[in-house]
2 protein chains.
Amino acid sequence: MKIGFIGIGVMGQSMVRNLMKKGYDVSVYNRTKAKAEAVVQEGAHWCDSPGACAADKDVVITIVDYPKDVEEVYFGSAGIIENAREGSVLIDMTTTSPKLSKRIYEAAARRGMAALDAPVSGGDVGAEKGTLSIMVGGDEDVFKTCLPVFEAMGTNIIYEGGPGAGQHTKMANQIAIAGAVSGVCEALAYAKAVGLDEQTMLDSISAGAAGSFQMSNTAPRILKNDFAPGFFVKHYIKDMKIAREEAEEASAHLEVLDKVLEMYESLEKEGYGDLGTQALIKYYEQ
Amino acid sequence: MKIGFIGIGVMGQSMVRNLMKKGYDVSVYNRTKAKAEAVVQEGAHWCDSPGACAADKDVVITIVDYPKDVEEVYFGSAGIIENAREGSVLIDMTTTSPKLSKRIYEAAARRGMAALDAPVSGGDVGAEKGTLSIMVGGDEDVFKTCLPVFEAMGTNIIYEGGPGAGQHTKMANQIAIAGAVSGVCEALAYAKAVGLDEQTMLDSISAGAAGSFQMSNTAPRILKNDFAPGFFVKHYIKDMKIAREEAEEASAHLEVLDKVLEMYESLEKEGYGDLGTQALIKYYEQ
């Protein structure tokens, strides 16, 4: 089976490797060609445009940064929609807007192609180990056909519903994280302010009702003053903005999300957009 | 060793039973006598006032509802401070204000007694099984002396620092929960608003970066429309108000805590104070 893969960042590289390991014939395109060199040396075929990468493939996978990048690779000149063949399946794994996923789904359908939205969680480590969680929206029969492709990259692969449902599920994930990570940062800020030993405090509460992935994984980085990005502040802001917009359109008022987004935006203004999301603690140190 | 135990609610009953199982001679007092009848039948001695319950004991334990109740049993007429003997240890296990813990510590010291603040987490189930987390503030040598008493009731028993540090740690716990539980409720509110299947959404995200005790334990109750109190909204409001006050005095501005407290207060006004904290979802359904 021939796969075109567009977006060879940290995640994309690992995903391409895992697809090749399973015997898929993978062609790649990336805006910055240098980032694709490693996988090309390992056997992927380089293409000079998204359209060339999409042409004559069974499956086209994209994972780029922002909704505008998704729009460009799908709808831009020499884009995917114009160049992919009838009968192919277009899978966008970028975390992007559910509305954009629906637009791709409809544009694909008009040209006799299928489309799935399939954002992931699990980060660079999950991409490398092939243990990503993949949240898939679109037609269920298309999802089933593509399952072996997803299984090359992830382990927790769930069909969420029609077009956009994968993105909506990812948004729910990002919304829950906003609460959890701010709770952890506020507990740490409180502990520091009142003079508790922060590590002892964490050891005391992590196993109980206050416990979370964010507490177990983010708090230790904060205590080590390690702000290297597992997940960028700037990308999290992008996700939260999409979530807020979708929530508002659906008449859901998510006040904690709004508050946390506001905090992260203030951090970005101060130049912290390229740090990891644990940098939220800096908001409380101002 | 003789123990006076004041506050025989759901938690207190189980804690008294666990102390008696370890061979402690336990006397009890409760404002509503009927609630103490079961443990009295099982061998605890009834006392007619907090003071009578505290007199001639080695250790006096209190776990009541609100800071005003703590004040009354310690400082009121026929109270503990007036009636406990020199050399005894007073242990307040109520979640209450760190300031009040310091006041008890100082009043106890003036009369030749020791005092520890030792709030718990783990709820009614932890109290019954003797697996409470106990966060202890006060003098470390007193903490060490009392360790066997704590070990009769809990498993995760940590010395947090001087007087009030147990309460401060519990406050950090409650602060982290505010973020976590609101994140879970907002993810569910979003899922419902945009038409996702909520259970599928939870199954998709619970094991990853959005996962938390609150997601695994609170969200399923919400989906079953089960609002029975594991932990009362009204008690959580009391805790968050203490946390907010202490944070503000220490110049820590916890905006998510403030927001979540505001939401719960609006629910209490609508008559939801006796529901469990998972009732936060109702805020989003208005």
# chains A, B, ... in the order shown; residues from 1 in each chain; ligands from 1
call {"tool": "residues_around", "arguments": {"residues": "B:Leu275", "least_positions_apart": "4", "cutoff": "7 Å", "atoms": "only C-alpha atoms", "output": "PyMOL selection string"}}
result
chain B and resi 227-229+232-233+279
call {"tool": "write_last_selection", "arguments": {"atoms": "N, CA, C and O atoms", "output": "compact mmCIF listing (two decimals), in the first residue's frame"}}
result
# COMPACT_ATOMS: atom_id res chain seq x y z
N PHE B 227 -25.51 11.93 42.01
CA PHE B 227 -24.98 13.11 42.69
C PHE B 227 -24.90 12.93 44.20
O PHE B 227 -24.78 13.90 44.96
N ALA B 228 -24.97 11.67 44.64
CA ALA B 228 -24.83 11.38 46.08
C ALA B 228 -23.46 11.85 46.55
O ALA B 228 -22.47 11.72 45.83
N PRO B 229 -23.42 12.42 47.75
CA PRO B 229 -22.15 13.00 48.20
C PRO B 229 -21.12 11.96 48.63
O PRO B 229 -21.35 11.21 49.56
N PHE B 232 -19.27 16.50 50.20
CA PHE B 232 -20.31 17.51 50.06
C PHE B 232 -19.82 18.80 49.38
O PHE B 232 -18.75 19.31 49.71
N VAL B 233 -20.65 19.35 48.51
CA VAL B 233 -20.40 20.67 47.94
C VAL B 233 -20.18 21.70 49.06
O VAL B 233 -19.23 22.49 49.03
N ALA B 279 -21.47 17.51 41.36
CA ALA B 279 -22.59 18.37 40.94
C ALA B 279 -22.11 19.62 40.20
O ALA B 279 -22.92 20.36 39.64
call {"tool": "residues_around", "arguments": {"residues": "stretch 47-60 of chain B", "least_positions_apart": "5", "cutoff": "10 Å", "atoms": "only C-alpha atoms", "output": "PyMOL selection string"}}
result
chain B and resi 1-7+25-31+33+72-92+113-115+146+149
call {"tool": "closest_atom_pairs", "arguments": {"of": "chain A", "to": "chain B", "cutoff": "6 Å", "atoms": "only C-alpha atoms", "output": "CSV"}}
result
residue,atom,partner,partner_atom,distance
A:Thr169,CA,B:Met201,CA,5.8
A:Ala172,CA,B:Ala187,CA,4.6
A:Asn173,CA,B:Ala210,CA,5.7
A:Ile175,CA,B:Ala187,CA,5.5
A:Ala176,CA,B:Gly183,CA,4.0
A:Ile177,CA,B:Ala210,CA,4.8
A:Gly179,CA,B:Gly183,CA,4.0
A:Ala180,CA,B:Ala180,CA,4.2
A:Ser182,CA,B:Gly179,CA,5.9
A:Gly183,CA,B:Ala176,CA,4.0
A:Val184,CA,B:Ala176,CA,5.2
A:Glu186,CA,B:Leu254,CA,5.9
A:Ala187,CA,B:Ala172,CA,4.6
A:Ala193,CA,B:Ala250,CA,5.5
A:Met201,CA,B:Thr169,CA,5.8
A:Ile205,CA,B:Asn173,CA,5.9
A:Ala209,CA,B:Phe213,CA,5.5
A:Ala210,CA,B:Ile177,CA,4.8
A:Gly211,CA,B:Phe213,CA,5.6
A:Ser212,CA,B:Ser212,CA,3.8
A:Phe213,CA,B:Ala209,CA,5.5
A:Ala250,CA,B:Ala193,CA,5.5
A:Leu254,CA,B:Glu186,CA,5.9
call {"tool": "atom_distance", "arguments": {"atom1": "atom CA of B:Ser266", "atom2": "atom CA of B:Thr95"}}
result
22.3 Å
call {"tool": "select_by_dssp", "arguments": {"residues": "stretch 31-210 of chain A", "states": "alpha helix (DSSP H)", "output": "VMD selection string"}}
result
chain A and resid 37 to 41 50 to 54 67 to 75 80 to 83 98 to 110 123 to 129 140 to 151 165 to 194 198 to 205
call {"tool": "atom_distance", "arguments": {"atom1": "atom CA of B:Glu268", "atom2": "atom CA of B:Pro67"}}
result
18.8 Å
call {"tool": "select_by_dssp", "arguments": {"residues": "stretch 21-90 of chain B", "states": "strand (DSSP E)", "output": "list in words"}}
result
Asp25, Val26, Ser27, Val28, Tyr29, His45, Trp46, Val59, Val60, Ile61, Thr62, Val89 and Leu90 of chain B
call {"tool": "atom_distance", "arguments": {"atom1": "atom CA of B:Val16", "atom2": "atom CA of B:Ile104"}}
result
22.3 Å
call {"tool": "closest_residue", "arguments": {"among": "A:Pro163, A:Glu37, A:Ile222, A:Ala152", "to": "A:Tyr105", "atoms": "only C-alpha atoms"}}
result
A:Pro163
call {"tool": "closest_residue", "arguments": {"among": "B:Ser101, B:Tyr66, B:Gly9, B:Ala219", "to": "B:Lys238", "atoms": "only C-alpha atoms"}}
result
B:Tyr66
call {"tool": "decode", "arguments": {"residues": "stretch 166-212 of chain A", "atoms": "N, CA and C atoms", "output": "short mmCIF file (atom, residue, chain, number, x, y, z; two decimals), in the first residue's frame"}}
result
data_model
loop_
_atom_site.label_atom_id
_atom_site.label_comp_id
_atom_site.auth_asym_id
_atom_site.auth_seq_id
_atom_site.Cartn_x
_atom_site.Cartn_y
_atom_site.Cartn_z
N GLY A 166 -13.26 13.24 15.78
CA GLY A 166 -11.91 13.02 16.29
C GLY A 166 -11.35 14.30 16.88
N GLN A 167 -11.51 15.40 16.13
CA GLN A 167 -11.04 16.71 16.60
C GLN A 167 -11.79 17.14 17.86
N HIS A 168 -13.09 16.92 17.88
CA HIS A 168 -13.85 17.30 19.07
C HIS A 168 -13.35 16.55 20.31
N THR A 169 -13.04 15.27 20.12
CA THR A 169 -12.54 14.48 21.25
C THR A 169 -11.19 15.02 21.72
N LYS A 170 -10.35 15.38 20.76
CA LYS A 170 -9.06 15.97 21.14
C LYS A 170 -9.27 17.29 21.87
N MET A 171 -10.25 18.06 21.45
CA MET A 171 -10.56 19.31 22.15
C MET A 171 -10.99 19.04 23.59
N ALA A 172 -11.82 18.00 23.79
CA ALA A 172 -12.23 17.64 25.15
C ALA A 172 -10.99 17.29 25.99
N ASN A 173 -10.06 16.61 25.37
CA ASN A 173 -8.79 16.27 26.03
C ASN A 173 -8.05 17.54 26.46
N GLN A 174 -7.94 18.49 25.53
CA GLN A 174 -7.20 19.72 25.84
C GLN A 174 -7.93 20.56 26.89
N ILE A 175 -9.24 20.52 26.88
CA ILE A 175 -10.05 21.24 27.88
C ILE A 175 -9.80 20.65 29.28
N ALA A 176 -9.82 19.32 29.37
CA ALA A 176 -9.58 18.68 30.68
C ALA A 176 -8.18 19.00 31.19
N ILE A 177 -7.21 19.04 30.27
CA ILE A 177 -5.83 19.35 30.68
C ILE A 177 -5.74 20.77 31.24
N ALA A 178 -6.50 21.70 30.66
CA ALA A 178 -6.44 23.09 31.14
C ALA A 178 -6.76 23.16 32.63
N GLY A 179 -7.81 22.46 33.04
CA GLY A 179 -8.14 22.42 34.46
C GLY A 179 -7.07 21.73 35.27
N ALA A 180 -6.67 20.56 34.81
CA ALA A 180 -5.72 19.75 35.59
C ALA A 180 -4.38 20.47 35.77
N VAL A 181 -3.85 21.03 34.70
CA VAL A 181 -2.51 21.65 34.80
C VAL A 181 -2.57 22.93 35.64
N SER A 182 -3.66 23.67 35.55
CA SER A 182 -3.77 24.89 36.36
C SER A 182 -3.95 24.52 37.84
N GLY A 183 -4.67 23.44 38.11
CA GLY A 183 -4.81 22.98 39.50
C GLY A 183 -3.46 22.61 40.10
N VAL A 184 -2.64 21.94 39.32
CA VAL A 184 -1.30 21.56 39.79
C VAL A 184 -0.45 22.80 40.04
N CYS A 185 -0.49 23.74 39.10
CA CYS A 185 0.33 24.95 39.26
C CYS A 185 -0.16 25.78 40.45
N GLU A 186 -1.47 25.85 40.66
CA GLU A 186 -1.97 26.64 41.79
C GLU A 186 -1.63 25.96 43.12
N ALA A 187 -1.67 24.63 43.16
CA ALA A 187 -1.27 23.92 44.38
C ALA A 187 0.21 24.19 44.69
N LEU A 188 1.04 24.19 43.65
CA LEU A 188 2.47 24.46 43.84
C LEU A 188 2.70 25.91 44.25
N ALA A 189 1.98 26.82 43.61
CA ALA A 189 2.14 28.25 43.93
C ALA A 189 1.73 28.50 45.38
N TYR A 190 0.65 27.84 45.80
CA TYR A 190 0.18 27.97 47.18
C TYR A 190 1.22 27.43 48.15
N ALA A 191 1.70 26.22 47.87
CA ALA A 191 2.68 25.58 48.75
C ALA A 191 3.90 26.48 48.94
N LYS A 192 4.37 27.04 47.84
CA LYS A 192 5.54 27.93 47.91
C LYS A 192 5.22 29.18 48.74
N ALA A 193 4.07 29.77 48.47
CA ALA A 193 3.71 31.02 49.15
C ALA A 193 3.57 30.84 50.66
N VAL A 194 3.03 29.70 51.09
CA VAL A 194 2.82 29.51 52.53
C VAL A 194 3.99 28.80 53.20
N GLY A 195 5.02 28.45 52.41
CA GLY A 195 6.23 27.92 53.02
C GLY A 195 6.27 26.41 53.23
N LEU A 196 5.42 25.68 52.50
CA LEU A 196 5.51 24.21 52.56
C LEU A 196 6.70 23.72 51.74
N ASP A 197 7.18 22.54 52.06
CA ASP A 197 8.13 21.87 51.17
C ASP A 197 7.32 21.29 50.01
N GLU A 198 7.61 21.77 48.79
CA GLU A 198 6.75 21.42 47.66
C GLU A 198 6.79 19.92 47.33
N GLN A 199 7.96 19.33 47.43
CA GLN A 199 8.06 17.90 47.13
C GLN A 199 7.28 17.06 48.13
N THR A 200 7.40 17.43 49.41
CA THR A 200 6.66 16.70 50.44
C THR A 200 5.15 16.85 50.21
N MET A 201 4.74 18.06 49.86
CA MET A 201 3.33 18.29 49.57
C MET A 201 2.88 17.38 48.42
N LEU A 202 3.65 17.35 47.33
CA LEU A 202 3.28 16.50 46.18
C LEU A 202 3.23 15.03 46.59
N ASP A 203 4.21 14.58 47.36
CA ASP A 203 4.22 13.18 47.80
C ASP A 203 2.97 12.87 48.62
N SER A 204 2.48 13.88 49.33
CA SER A 204 1.33 13.67 50.21
C SER A 204 0.02 13.58 49.45
N ILE A 205 -0.08 14.27 48.34
CA ILE A 205 -1.40 14.38 47.69
C ILE A 205 -1.51 13.66 46.34
N SER A 206 -0.39 13.26 45.75
CA SER A 206 -0.43 12.74 44.37
C SER A 206 -1.22 11.45 44.22
N ALA A 207 -1.25 10.64 45.26
CA ALA A 207 -1.90 9.32 45.12
C ALA A 207 -3.40 9.38 45.41
N GLY A 208 -3.90 10.54 45.82
CA GLY A 208 -5.31 10.63 46.22
C GLY A 208 -6.18 11.34 45.21
N ALA A 209 -7.22 11.98 45.71
CA ALA A 209 -8.26 12.59 44.88
C ALA A 209 -7.75 13.77 44.06
N ALA A 210 -6.57 14.31 44.44
CA ALA A 210 -5.99 15.43 43.69
C ALA A 210 -5.05 14.96 42.59
N GLY A 211 -4.81 13.67 42.54
CA GLY A 211 -3.82 13.12 41.61
C GLY A 211 -4.23 13.21 40.15
N SER A 212 -3.25 13.31 39.29
CA SER A 212 -3.50 13.40 37.86
C SER A 212 -2.21 13.12 37.11
#
